[in-house]
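Visitor: Sharing my_file37.txt below, compact mmCIF, C-alpha atoms:
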# COMPACT_ATOMS: atom_id res chain seq x y z
CA MET A 1381 67.65 185.87 34.40
CA ALA A 1382 67.65 182.02 34.33
CA THR A 1383 64.31 180.29 34.18
CA GLU A 1384 63.42 177.68 36.76
CA SER A 1385 63.07 174.90 34.20
CA GLY A 1386 66.35 175.69 32.45
CA VAL A 1387 65.42 175.09 28.80
CA GLU A 1388 62.27 174.51 26.83
CA ASP A 1389 62.54 170.70 27.15
CA GLY A 1390 62.69 170.94 30.93
CA THR A 1391 66.42 170.22 31.30
CA THR A 1392 68.10 171.97 34.22
CA ILE A 1393 71.36 173.68 33.24
CA ASP A 1394 74.13 173.75 35.83
CA ASP A 1395 76.71 175.22 33.44
CA PRO A 1396 75.09 177.41 30.73
CA ILE A 1397 78.38 177.94 28.91
CA ALA A 1398 79.09 174.20 28.65
CA TYR A 1399 75.51 173.67 27.45
CA PHE A 1400 75.90 176.37 24.77
CA LEU A 1401 79.23 174.94 23.56
CA GLU A 1402 77.80 171.45 23.28
CA GLU A 1403 74.85 172.81 21.31
CA GLN A 1404 77.24 174.54 18.90
CA ARG A 1405 79.12 171.29 18.44
CA TYR A 1406 75.85 169.57 17.54
CA HIS A 1407 75.20 172.35 15.01
CA GLY A 1408 78.48 171.50 13.28
CA LYS A 1409 80.69 174.34 14.49
CA SER A 1410 84.40 173.57 14.18
CA GLU A 1411 86.50 172.78 17.24
CA ARG A 1412 88.50 175.94 16.58
CA THR A 1413 85.31 178.03 16.74
CA ILE A 1414 84.14 176.24 19.88
CA ASP A 1415 87.54 176.80 21.52
CA ALA A 1416 87.33 180.52 20.72
CA TYR A 1417 83.81 180.73 22.20
CA GLU A 1418 84.87 178.89 25.33
CA ARG A 1419 87.95 181.05 25.93
CA VAL A 1420 85.97 184.30 25.68
CA LEU A 1421 82.89 183.10 27.55
CA ARG A 1422 84.96 181.76 30.45
CA GLN A 1423 86.79 185.08 30.67
CA PHE A 1424 83.43 186.83 30.74
CA GLU A 1425 82.20 184.41 33.42
CA THR A 1426 85.26 185.13 35.59
CA PHE A 1427 84.61 188.86 35.29
CA VAL A 1428 80.92 188.76 36.24
CA ARG A 1429 81.58 186.38 39.13
CA ALA A 1430 84.04 188.93 40.50
CA GLU A 1431 81.08 191.32 40.36
CA GLU A 1432 79.13 188.77 42.48
CA SER A 1433 76.98 187.69 39.57
CA THR A 1434 76.79 184.85 37.04
CA PRO A 1435 76.34 184.72 33.27
CA ALA A 1436 72.71 183.70 33.84
CA ASP A 1437 72.03 186.74 36.06
CA ALA A 1438 74.33 189.37 34.53
CA THR A 1439 72.78 192.73 33.67
CA ARG A 1440 73.42 195.21 30.89
CA ARG A 1441 75.65 197.28 33.20
CA GLU A 1442 77.84 194.29 34.00
CA CYS A 1443 78.14 193.52 30.31
CA MET A 1444 79.11 197.12 29.66
CA ALA A 1445 81.70 196.98 32.45
CA TRP A 1446 83.23 193.83 30.96
CA VAL A 1447 83.55 195.46 27.54
CA HIS A 1448 85.13 198.52 29.15
CA SER A 1449 87.63 196.28 30.99
CA LEU A 1450 88.94 195.06 27.65
CA ARG A 1451 89.76 198.55 26.37
CA GLY A 1452 93.46 199.32 26.47
CA ARG A 1453 94.26 195.61 26.54
CA ARG A 1454 92.76 194.50 23.24
CA GLU A 1455 92.42 196.04 19.80
CA SER A 1456 89.08 197.57 18.87
CA SER A 1457 88.18 194.83 16.39
CA THR A 1458 89.11 192.14 18.93
CA ILE A 1459 86.84 193.72 21.56
CA ALA A 1460 84.01 193.76 19.03
CA SER A 1461 84.61 190.10 18.22
CA TYR A 1462 84.62 189.13 21.91
CA ALA A 1463 81.41 191.05 22.51
CA SER A 1464 79.78 189.31 19.55
CA TYR A 1465 80.60 185.92 21.09
CA VAL A 1466 78.87 186.88 24.33
CA HIS A 1467 75.97 188.37 22.39
CA ARG A 1468 75.48 185.14 20.44
CA PHE A 1469 75.65 183.14 23.66
CA TYR A 1470 72.85 185.18 25.23
CA GLU A 1471 70.82 185.25 22.04
CA TYR A 1472 70.91 181.46 21.76
CA MET A 1473 70.19 180.83 25.44
CA THR A 1474 67.21 183.19 25.21
CA ARG A 1475 65.85 181.37 22.16
CA VAL A 1476 65.93 178.02 23.95
CA GLU A 1477 64.24 179.71 26.94
CA ALA A 1478 67.14 179.07 29.31
CA PHE A 1479 67.52 182.84 29.87
CA GLU A 1480 64.82 185.49 30.01
CA GLY A 1481 66.65 188.10 27.95
CA ASN A 1482 69.86 189.22 26.26
CA PRO A 1483 71.69 191.92 28.28
CA MET A 1484 74.30 192.27 25.51
CA ALA A 1485 71.81 193.39 22.85
CA LEU A 1486 71.81 197.07 23.78
CA VAL A 1487 75.51 197.01 24.63
CA MET A 1488 76.26 195.88 21.08
CA GLU A 1489 74.24 198.79 19.69
CA GLU A 1490 76.02 201.32 21.90
CA MET A 1491 79.59 200.07 21.43
CA GLY A 1492 82.00 202.21 19.46
CA GLU A 1493 84.11 199.22 18.48
CA SER A 1494 83.34 197.22 15.36
CA ILE A 1495 84.69 194.08 13.73
CA ASP A 1496 87.12 194.86 10.93
CA THR A 1497 86.15 192.42 8.17
CA ASN A 1498 89.06 193.51 5.97
CA PRO A 1499 91.87 194.52 8.30
CA THR A 1500 95.00 196.22 7.07
CA ARG A 1501 97.59 193.53 7.60
CA ARG A 1502 101.24 193.82 8.47
CA GLU A 1503 103.28 194.46 5.33
CA ILE A 1504 106.12 191.98 4.96
CA SER A 1505 108.39 192.08 1.94
CA ILE A 1506 109.67 188.97 0.20
CA PRO A 1507 113.27 189.56 1.46
CA GLU A 1508 111.91 189.89 5.02
CA MET A 1509 109.94 186.68 4.65
CA ARG A 1510 113.02 184.99 3.21
CA ASP A 1511 114.98 185.95 6.34
CA PHE A 1512 112.15 184.56 8.46
CA VAL A 1513 112.20 181.21 6.64
CA ASP A 1514 116.01 181.03 6.90
CA GLU A 1515 115.69 180.89 10.70
CA ILE A 1516 113.51 177.77 10.57
CA THR A 1517 115.80 174.74 10.57
CA HIS A 1518 113.60 171.81 11.64
CA PRO A 1519 112.70 169.91 8.42
CA LEU A 1520 109.05 169.46 9.40
CA GLU A 1521 108.50 173.07 10.44
CA ARG A 1522 110.37 174.38 7.42
CA ALA A 1523 108.33 172.19 5.06
CA VAL A 1524 105.07 173.31 6.67
CA VAL A 1525 105.87 177.02 6.49
CA VAL A 1526 107.27 176.98 2.95
CA THR A 1527 104.33 174.92 1.66
CA LEU A 1528 101.85 177.36 3.20
CA LEU A 1529 103.73 180.36 1.81
CA LYS A 1530 104.11 179.05 -1.73
CA THR A 1531 100.81 177.25 -2.34
CA GLY A 1532 98.25 179.36 -0.46
CA VAL A 1533 96.55 176.27 1.02
CA ARG A 1534 94.50 176.58 4.20
CA VAL A 1535 95.68 175.04 7.46
CA GLY A 1536 93.07 172.27 7.37
CA GLU A 1537 93.95 171.48 3.76
CA LEU A 1538 97.62 171.17 4.66
CA CYS A 1539 96.79 168.80 7.51
CA ASN A 1540 94.60 166.65 5.26
CA LEU A 1541 97.32 166.06 2.66
CA ASP A 1542 98.32 162.42 2.26
CA LEU A 1543 101.50 161.20 0.64
CA ARG A 1544 99.53 160.16 -2.45
CA ASP A 1545 98.60 163.84 -2.93
CA LEU A 1546 102.23 164.69 -3.75
CA HIS A 1547 104.08 164.04 -7.02
CA VAL A 1548 107.74 165.08 -6.95
CA ASP A 1549 110.96 163.50 -8.15
CA ALA A 1550 112.44 161.72 -5.13
CA ASP A 1551 115.31 160.30 -7.20
CA GLN A 1552 117.14 163.62 -7.02
CA PHE A 1553 117.66 162.94 -3.31
CA GLY A 1554 118.34 159.26 -3.79
CA LEU A 1555 115.16 158.48 -1.87
CA ASP A 1556 113.14 155.34 -2.40
CA LEU A 1557 109.94 156.25 -0.58
CA GLY A 1558 107.85 153.72 -2.42
CA TRP A 1559 104.71 155.79 -2.87
CA THR A 1560 102.48 156.10 -5.90
CA PRO A 1561 100.81 159.46 -6.52
CA ARG A 1562 97.05 159.41 -7.07
CA VAL A 1563 95.81 158.97 -10.64
CA ALA A 1564 95.01 162.68 -11.02
CA LEU A 1565 98.74 163.46 -10.62
CA GLU A 1566 100.21 160.76 -12.86
CA SER A 1567 100.78 163.16 -15.77
CA ARG A 1568 101.41 166.19 -13.57
CA PRO A 1569 104.82 165.97 -11.87
CA GLN A 1570 105.90 168.61 -9.37
CA SER A 1571 102.34 169.01 -8.09
CA LEU A 1572 100.10 168.80 -5.04
CA TYR A 1573 96.51 167.62 -5.13
CA VAL A 1574 94.06 169.30 -2.75
CA ASP A 1575 90.68 167.59 -2.65
CA SER A 1576 87.39 169.23 -1.75
CA LYS A 1577 85.96 166.16 -0.02
CA PRO A 1578 87.69 165.87 3.40
CA ALA A 1579 85.44 167.11 6.21
CA ARG A 1580 85.89 167.22 9.97
CA GLY A 1581 84.46 164.10 11.57
CA SER A 1582 84.18 162.17 8.30
CA VAL A 1583 86.30 159.23 7.15
CA TYR A 1584 88.44 159.99 4.10
CA ASN A 1585 91.07 157.63 2.67
CA GLY A 1586 90.49 155.32 5.63
CA GLU A 1587 91.03 157.92 8.37
CA LYS A 1588 88.64 160.09 10.37
CA ARG A 1589 89.60 163.72 9.78
CA SER A 1590 89.85 166.53 12.33
CA ALA A 1591 89.73 169.35 9.77
CA SER A 1592 87.72 170.26 6.68
CA ASN A 1593 88.84 171.37 3.25
CA LYS A 1594 86.89 174.39 2.04
CA ARG A 1595 87.56 174.25 -1.67
CA LYS A 1596 84.72 174.50 -4.15
CA ARG A 1597 86.37 171.75 -6.17
CA GLU A 1598 89.58 169.68 -6.19
CA THR A 1599 92.70 171.62 -7.22
CA VAL A 1600 96.06 170.57 -8.64
CA ILE A 1601 98.69 173.05 -7.46
CA PRO A 1602 102.12 173.19 -9.12
CA VAL A 1603 105.13 173.23 -6.82
CA ASP A 1604 108.50 174.66 -7.75
CA GLN A 1605 111.93 173.31 -6.84
CA GLU A 1606 112.00 175.10 -3.49
CA VAL A 1607 108.80 173.42 -2.32
CA ALA A 1608 109.86 170.06 -3.71
CA THR A 1609 113.21 170.31 -1.93
CA VAL A 1610 111.84 171.14 1.53
CA LEU A 1611 109.21 168.40 1.19
CA LEU A 1612 111.82 165.81 0.22
CA GLU A 1613 114.09 166.93 3.06
CA TRP A 1614 111.15 166.35 5.40
CA LEU A 1615 110.23 162.99 3.87
CA ALA A 1616 113.80 161.81 4.29
CA ILE A 1617 113.36 161.92 8.09
CA ARG A 1618 109.56 161.55 8.44
CA PRO A 1619 108.52 159.01 11.09
CA ASP A 1620 106.44 156.06 9.97
CA PRO A 1621 102.83 157.31 10.05
CA VAL A 1622 100.38 155.67 12.44
CA SER A 1623 97.49 156.11 10.00
CA PRO A 1624 97.04 153.81 7.00
CA ALA A 1625 96.13 156.95 5.03
CA ASP A 1626 99.86 157.78 5.05
CA PRO A 1627 99.66 161.49 6.03
CA LEU A 1628 102.20 163.82 4.44
CA PHE A 1629 102.78 165.75 7.67
CA VAL A 1630 103.04 163.86 10.97
CA ASP A 1631 104.06 164.77 14.50
CA THR A 1632 107.67 164.35 15.63
CA GLY A 1633 106.92 165.06 19.30
CA GLY A 1634 104.50 163.67 21.85
CA ASP A 1635 102.09 162.38 19.19
CA TRP A 1636 104.87 160.70 17.24
CA GLY A 1637 103.70 159.56 13.81
CA HIS A 1638 100.18 160.96 14.12
CA ARG A 1639 98.79 163.38 11.52
CA LEU A 1640 99.40 167.03 12.35
CA GLU A 1641 96.27 168.91 13.37
CA PRO A 1642 95.48 172.61 12.74
CA SER A 1643 96.45 173.48 16.33
CA ASP A 1644 99.91 172.00 15.69
CA ILE A 1645 100.38 174.17 12.60
CA ARG A 1646 99.24 177.30 14.42
CA TYR A 1647 101.64 176.57 17.26
CA ILE A 1648 104.57 176.18 14.87
CA VAL A 1649 103.83 179.43 13.06
CA GLU A 1650 103.06 181.40 16.23
CA ARG A 1651 106.31 180.30 17.91
CA HIS A 1652 108.48 181.40 15.00
CA ALA A 1653 106.46 184.60 14.49
CA ARG A 1654 106.95 185.53 18.15
CA GLU A 1655 110.70 185.06 17.80
CA GLN A 1656 110.59 187.40 14.81
CA GLY A 1657 108.50 190.00 16.67
CA TRP A 1658 105.55 189.34 14.38
CA TYR A 1659 103.13 187.98 17.00
CA ARG A 1660 101.82 189.42 20.26
CA THR A 1661 99.23 187.98 22.63
CA GLY A 1662 96.15 190.14 22.21
CA GLY A 1663 97.28 191.42 18.83
CA GLY A 1664 94.79 191.36 16.00
CA ALA A 1665 94.90 190.42 12.33
CA SER A 1666 96.60 193.72 11.50
CA GLU A 1667 99.58 192.81 13.69
CA ASN A 1668 99.98 189.05 14.10
CA VAL A 1669 101.44 186.71 11.53
CA THR A 1670 99.46 183.46 11.47
CA PRO A 1671 99.02 180.59 8.98
CA HIS A 1672 96.14 182.56 7.46
CA TYR A 1673 98.53 185.49 6.98
CA PHE A 1674 100.65 183.21 4.77
CA ARG A 1675 97.60 182.66 2.55
CA HIS A 1676 97.18 186.44 2.37
CA PHE A 1677 100.90 186.83 1.57
CA PHE A 1678 100.66 184.25 -1.24
CA THR A 1679 97.56 185.88 -2.72
CA THR A 1680 98.89 189.43 -2.59
CA HIS A 1681 102.36 188.81 -4.01
CA LEU A 1682 101.34 186.33 -6.70
CA ARG A 1683 98.42 188.48 -7.84
CA ASP A 1684 100.64 191.56 -8.01
CA ARG A 1685 103.21 189.66 -10.04
CA THR A 1686 100.81 187.98 -12.46
CA GLY A 1687 97.96 190.44 -12.72
CA ASP A 1688 95.83 187.33 -13.27
CA ARG A 1689 93.14 187.04 -10.63
CA GLY A 1690 91.69 183.94 -12.27
CA VAL A 1691 94.84 181.85 -11.84
CA VAL A 1692 95.27 183.02 -8.26
CA LYS A 1693 91.65 182.22 -7.46
CA TYR A 1694 92.09 178.80 -8.99
CA LEU A 1695 95.19 178.10 -6.88
CA ARG A 1696 93.39 179.29 -3.73
CA GLY A 1697 90.42 177.04 -4.50
CA ASP A 1698 87.98 179.94 -4.52
CA VAL A 1699 86.39 179.49 -7.94
CA ALA A 1700 83.52 177.40 -9.23
CA SER A 1701 83.81 174.41 -11.53
CA ASP A 1702 83.33 176.29 -14.81
CA ILE A 1703 86.38 178.49 -14.23
CA ILE A 1704 88.41 175.57 -12.91
CA ASP A 1705 87.55 173.59 -16.04
CA THR A 1706 88.87 176.48 -18.12
CA TYR A 1707 92.20 176.47 -16.34
CA THR A 1708 92.65 172.72 -16.05
CA HIS A 1709 91.79 172.08 -19.71
CA ASP A 1710 95.31 173.12 -20.72
CA TRP A 1711 97.33 172.82 -17.56
CA GLY A 1712 100.80 173.34 -19.01
CA ASP A 1713 100.04 176.53 -20.90
CA GLN A 1714 98.05 178.25 -18.18
CA VAL A 1715 98.28 177.59 -14.46
CA ARG A 1716 101.71 175.96 -14.34
CA THR A 1717 103.30 178.43 -16.73
CA VAL A 1718 101.91 181.42 -14.85
CA TYR A 1719 102.90 179.94 -11.49
CA GLU A 1720 106.45 178.98 -12.44
CA SER A 1721 107.06 182.30 -14.16
CA ASN A 1722 105.91 184.38 -11.20
CA ILE A 1723 106.25 182.52 -7.93
CA TYR A 1724 108.69 184.24 -5.59
CA SER A 1725 111.81 182.65 -4.11
CA ILE A 1726 111.54 182.20 -0.36
CA CYS A 1727 114.41 179.85 0.58
Please, can you express the file's structure as structure tokens?
Guide:
Amino acid sequence: MATESGVEDGTTIDDPIAYFLEEQRYHGKSERTIDAYERVLRQFETFVRAEESTPADATRRECMAWVHSLRGRRESSTIASYASYVHRFYEYMTRVEAFEGNPMALVMEEMGESIDTNPTRREISIPEMRDFVDEITHPLERAVVVTLLKTGVRVGELCNLDLRDLHVDADQFGLDLGWTPRVALESRPQSLYVDSKPARGSVYNGEKRSASNKRKRETVIPVDQEVATVLLEWLAIRPDPVSPADPLFVDTGGDWGHRLEPSDIRYIVERHAREQGWYRTGGGASENVTPHYFRHFFTTHLRDRTGDRGVVKYLRGDVASDIIDTYTHDWGDQVRTVYESNIYSIC
């Protein structure tokens, strides 16, 4: 299936998968997406090589056999997702004239599996989640999990928080941390500021970022006493940050003092979820508890308690500027009041 020249510019490709991944990186795909592509494509490569073929020479039957090999080991939606990765790989390599055709095209049409875009997720009650949080004793891990659960922020947004994005009363712990919250928080105590500007690969507040915020506009999120307490307990033992940006969450292990990255957050949550029986290798979104599940938990429980989709959308960062302006015009009477009156206790 490979052409002699390799690609349309005449480059010879020794490793088509590596070439495809590098192209996706140039197109701005996130490292998480690239990692997912690489994991699946290398598994596919191992399978077809066992069939004495290569990704460049694989046929429709070999693609069908690979899909069949996943059945019984992966959920239906996961199989569909894996197949879509391979399909996109072939589609792209065909477009750049590295391959002569896409053997996955017909397989995708014939598959019975499909991607579940709105999976039914595991139902976890607030008391069950409270028991889960009670088992987390490390101040950093506890602060990370509670903040995710009670603010609905995304993993990348959590990683991008700097100390200036937090305004809480440190005097209650007798702490003199010597930080000044950003101007937008001066009149808004007990709050977090989540900006829309940080982007992966760009410099923000003097530091190159490894994750992007996906908010449509900056958001000020109220925090209750539980969140403030776990954050202050963490700050009391936080290592001196390496970055001049003064990250809120930094590593206490091998990368001592460096800003936590999304992979660090996912590892923390996965480890505790496994111990709780809420995570299984190969399990899908309907089974596994992940950082994104915490965002789902926050949305579901707060929306059910408030009945106010607008406030919840504002807190999630999902609404445009006109709605945000409506809610931020009178902060005390709207967002904060609704949040403090309805946010669940988790500690």
Visitor: Excluding A:Pro1627 and residues on its chain fewer than 5 positions from it, collect all residues at most 6 Å away from it, counting only C-alpha atoms, and give them as a PyMOL selection string.
Guide: chain A and resi 1542-1543+1639
Visitor: Go through stretch 1458-1479 of chain A residue by residue and, counting all atoms listed in the file, keep those with an atom at most 12 Å from stretch 1410-1416 of chain A; for each kept residue give the shortest atom pair and its distance in Å to one decimal, ordered by chain and increasing number, as a Markdown table.
Guide:
| residue | atom | partner | partner_atom | distance |
| --- | --- | --- | --- | --- |
| A:Thr1458 | CA | A:Ala1416 | CA | 11.9 |
| A:Ser1461 | CA | A:Ala1416 | CA | 10.3 |
| A:Tyr1462 | CA | A:Ala1416 | CA | 9.1 |
| A:Ser1464 | CA | A:Ala1416 | CA | 11.6 |
| A:Tyr1465 | CA | A:Ala1416 | CA | 8.6 |
| A:Val1466 | CA | A:Ala1416 | CA | 11.2 |
| A:Phe1469 | CA | A:Ile1414 | CA | 11.6 |
Visitor: Counting only C-alpha atoms, what is within 9 Å of stretch 1512-1527 of chain A, bar same-chain residues fewer than 4 positions away, as a VMD selection string?
Guide: chain A and resid 1507 to 1508 1531 to 1533 1538 1603 1606 to 1607 1609 to 1615 1617 to 1618 1629 to 1632 1645 1648 to 1649 1652 to 1653 1656 1671 1674 1726 to 1727
Visitor: Looking at all atoms listed in the file, which of A:Glu1442, A:Glu1537, A:Asp1545, A:Asp1698 is the one that sits closest to A:Val1428?
Guide: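 Nearest to A:Val1428: A:Glu1442.
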Visitor: Given the choices A:Met1491, A:Ala1398, A:Leu1572, A:Arg1501, which gets closest to A:Met1444 if the distance is worked out from all atoms listed in the file?
Guide: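 Answer, going by the shortest atom-to-atom distance: A:Met1491.
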Visitor: Go ahead and compute the interatomic distance for atom CA of A:Arg1510 and atom CA of A:Glu1641, in Å to one decimal.
Guide: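 Distance reported for this atom pair: 25.3 Å.
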Visitor: Work out how far atom CA of A:Val1563 is from atom CA of A:Arg1544, in Å to one decimal.
Guide: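 Between atom CA of A:Arg1544 and atom CA of A:Val1563 the gap works out to 9.1 Å.
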Visitor: Would you compute the distance between atom CA of A:Ala1478 and atom CA of A:Tyr1399? Give it in Å to one decimal.
Guide: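 These two atoms are separated by 10.1 Å.
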Visitor: With only C-alpha atoms as the basis for distance, which of A:Trp1446, A:Ser1725, A:Tyr1406, A:Ile1601 is at the shortest distance from A:Glu1431?
Guide: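 Closest to A:Glu1431, using only C-alpha atoms: A:Trp1446.
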Visitor: Could you check which residues have any atom within 12 Å of (67.4, 175.6, 20.4), counting only C-alpha atoms with coordinates taken straight from the file, and then list them as a VMD selection string?
Guide: chain A and resid 1387 to 1389 1399 to 1400 1402 to 1404 1406 to 1407 1469 1471 to 1479
Visitor: Based on the selection just made, write C-alpha atoms of those residues as a PDB file, in the coordinates of the input.
Guide:
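Ended up saving to again-v3.pdb:
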ATOM      1  CA  VAL A1387      65.420 175.090  28.800  1.00  0.00           C
ATOM      2  CA  GLU A1388      62.270 174.510  26.830  1.00  0.00           C
ATOM      3  CA  ASP A1389      62.540 170.700  27.150  1.00  0.00           C
ATOM      4  CA  TYR A1399      75.510 173.670  27.450  1.00  0.00           C
ATOM      5  CA  PHE A1400      75.900 176.370  24.770  1.00  0.00           C
ATOM      6  CA  GLU A1402      77.800 171.450  23.280  1.00  0.00           C
ATOM      7  CA  GLU A1403      74.850 172.810  21.310  1.00  0.00           C
ATOM      8  CA  GLN A1404      77.240 174.540  18.900  1.00  0.00           C
ATOM      9  CA  TYR A1406      75.850 169.570  17.540  1.00  0.00           C
ATOM     10  CA  HIS A1407      75.200 172.350  15.010  1.00  0.00           C
ATOM     11  CA  PHE A1469      75.650 183.140  23.660  1.00  0.00           C
ATOM     12  CA  GLU A1471      70.820 185.250  22.040  1.00  0.00           C
ATOM     13  CA  TYR A1472      70.910 181.460  21.760  1.00  0.00           C
ATOM     14  CA  MET A1473      70.190 180.830  25.440  1.00  0.00           C
ATOM     15  CA  THR A1474      67.210 183.190  25.210  1.00  0.00           C
ATOM     16  CA  ARG A1475      65.850 181.370  22.160  1.00  0.00           C
ATOM     17  CA  VAL A1476      65.930 178.020  23.950  1.00  0.00           C
ATOM     18  CA  GLU A1477      64.240 179.710  26.940  1.00  0.00           C
ATOM     19  CA  ALA A1478      67.140 179.070  29.310  1.00  0.00           C
ATOM     20  CA  PHE A1479      67.520 182.840  29.870  1.00  0.00           C
TER      21      PHE A1479
END
Visitor: A:Gly1586, A:Asp1626, A:Leu1529, A:Thr1560: which is nearest A:Ile1723, counting all atoms listed in the file?
Guide: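 Closest candidate: A:Leu1529.
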Visitor: So which one's closest to A:His1547, A:Tyr1573, A:Tyr1673, A:Arg1440, A:Val1535? Using all atoms listed in the file, please.
Guide: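 Using all atoms listed in the file, A:His1547 sits closest to A:Tyr1573.
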Visitor: Would it be fine to have stretch 1537-1544 of chain A, with all heavy atoms, given as a PDB file, in the first residue's frame?
Guide:
ATOM      1  N   GLU A1537      -7.110  23.566  33.450  1.00  0.00           N
ATOM      2  CA  GLU A1537      -7.371  24.808  34.171  1.00  0.00           C
ATOM      3  C   GLU A1537      -6.833  24.728  35.595  1.00  0.00           C
ATOM      4  O   GLU A1537      -6.294  25.710  36.118  1.00  0.00           O
ATOM      5  CB  GLU A1537      -8.872  25.099  34.170  1.00  0.00           C
ATOM      6  CG  GLU A1537      -9.423  25.387  32.779  1.00  0.00           C
ATOM      7  CD  GLU A1537     -10.933  25.397  32.713  1.00  0.00           C
ATOM      8  OE1 GLU A1537     -11.598  24.945  33.673  1.00  0.00           O
ATOM      9  OE2 GLU A1537     -11.465  25.859  31.685  1.00  0.00           O
ATOM     10  N   LEU A1538      -6.969  23.565  36.212  1.00  0.00           N
ATOM     11  CA  LEU A1538      -6.435  23.374  37.557  1.00  0.00           C
ATOM     12  C   LEU A1538      -4.913  23.507  37.539  1.00  0.00           C
ATOM     13  O   LEU A1538      -4.332  24.177  38.389  1.00  0.00           O
ATOM     14  CB  LEU A1538      -6.835  22.000  38.082  1.00  0.00           C
ATOM     15  CG  LEU A1538      -6.450  21.738  39.547  1.00  0.00           C
ATOM     16  CD1 LEU A1538      -7.533  22.265  40.478  1.00  0.00           C
ATOM     17  CD2 LEU A1538      -6.222  20.255  39.799  1.00  0.00           C
ATOM     18  N   CYS A1539      -4.279  22.878  36.550  1.00  0.00           N
ATOM     19  CA  CYS A1539      -2.822  22.938  36.456  1.00  0.00           C
ATOM     20  C   CYS A1539      -2.333  24.365  36.217  1.00  0.00           C
ATOM     21  O   CYS A1539      -1.253  24.739  36.689  1.00  0.00           O
ATOM     22  CB  CYS A1539      -2.333  22.033  35.328  1.00  0.00           C
ATOM     23  SG  CYS A1539      -2.592  20.270  35.622  1.00  0.00           S
ATOM     24  N   ASN A1540      -3.084  25.155  35.499  1.00  0.00           N
ATOM     25  CA  ASN A1540      -2.663  26.511  35.141  1.00  0.00           C
ATOM     26  C   ASN A1540      -2.887  27.536  36.247  1.00  0.00           C
ATOM     27  O   ASN A1540      -2.467  28.693  36.108  1.00  0.00           O
ATOM     28  CB  ASN A1540      -3.398  26.969  33.878  1.00  0.00           C
ATOM     29  CG  ASN A1540      -2.741  26.454  32.613  1.00  0.00           C
ATOM     30  OD1 ASN A1540      -1.522  26.326  32.552  1.00  0.00           O
ATOM     31  ND2 ASN A1540      -3.542  26.147  31.605  1.00  0.00           N
ATOM     32  N   LEU A1541      -3.525  27.151  37.341  1.00  0.00           N
ATOM     33  CA  LEU A1541      -3.756  28.103  38.425  1.00  0.00           C
ATOM     34  C   LEU A1541      -2.432  28.529  39.053  1.00  0.00           C
ATOM     35  O   LEU A1541      -1.577  27.709  39.364  1.00  0.00           O
ATOM     36  CB  LEU A1541      -4.648  27.486  39.507  1.00  0.00           C
ATOM     37  CG  LEU A1541      -6.119  27.280  39.157  1.00  0.00           C
ATOM     38  CD1 LEU A1541      -6.817  26.481  40.243  1.00  0.00           C
ATOM     39  CD2 LEU A1541      -6.830  28.622  38.949  1.00  0.00           C
ATOM     40  N   ASP A1542      -2.281  29.835  39.238  1.00  0.00           N
ATOM     41  CA  ASP A1542      -1.156  30.386  39.981  1.00  0.00           C
ATOM     42  C   ASP A1542      -1.658  30.861  41.336  1.00  0.00           C
ATOM     43  O   ASP A1542      -2.867  31.028  41.542  1.00  0.00           O
ATOM     44  CB  ASP A1542      -0.519  31.540  39.211  1.00  0.00           C
ATOM     45  CG  ASP A1542       0.096  31.079  37.891  1.00  0.00           C
ATOM     46  OD1 ASP A1542       0.550  29.922  37.817  1.00  0.00           O
ATOM     47  OD2 ASP A1542       0.109  31.887  36.934  1.00  0.00           O
ATOM     48  N   LEU A1543      -0.719  31.107  42.252  1.00  0.00           N
ATOM     49  CA  LEU A1543      -1.135  31.517  43.584  1.00  0.00           C
ATOM     50  C   LEU A1543      -1.940  32.814  43.546  1.00  0.00           C
ATOM     51  O   LEU A1543      -2.869  33.007  44.325  1.00  0.00           O
ATOM     52  CB  LEU A1543       0.089  31.689  44.489  1.00  0.00           C
ATOM     53  CG  LEU A1543      -0.183  31.855  45.979  1.00  0.00           C
ATOM     54  CD1 LEU A1543      -1.012  30.692  46.523  1.00  0.00           C
ATOM     55  CD2 LEU A1543       1.113  31.998  46.751  1.00  0.00           C
ATOM     56  N   ARG A1544      -1.626  33.698  42.614  1.00  0.00           N
ATOM     57  CA  ARG A1544      -2.348  34.969  42.507  1.00  0.00           C
ATOM     58  C   ARG A1544      -3.812  34.780  42.115  1.00  0.00           C
ATOM     59  O   ARG A1544      -4.622  35.693  42.237  1.00  0.00           O
ATOM     60  CB  ARG A1544      -1.667  35.873  41.485  1.00  0.00           C
ATOM     61  CG  ARG A1544      -1.751  35.349  40.053  1.00  0.00           C
ATOM     62  CD  ARG A1544      -1.228  36.335  39.043  1.00  0.00           C
ATOM     63  NE  ARG A1544      -1.423  35.866  37.663  1.00  0.00           N
ATOM     64  CZ  ARG A1544      -1.313  36.646  36.598  1.00  0.00           C
ATOM     65  NH1 ARG A1544      -1.017  37.923  36.749  1.00  0.00           N
ATOM     66  NH2 ARG A1544      -1.511  36.146  35.391  1.00  0.00           N
TER      67      ARG A1544
END
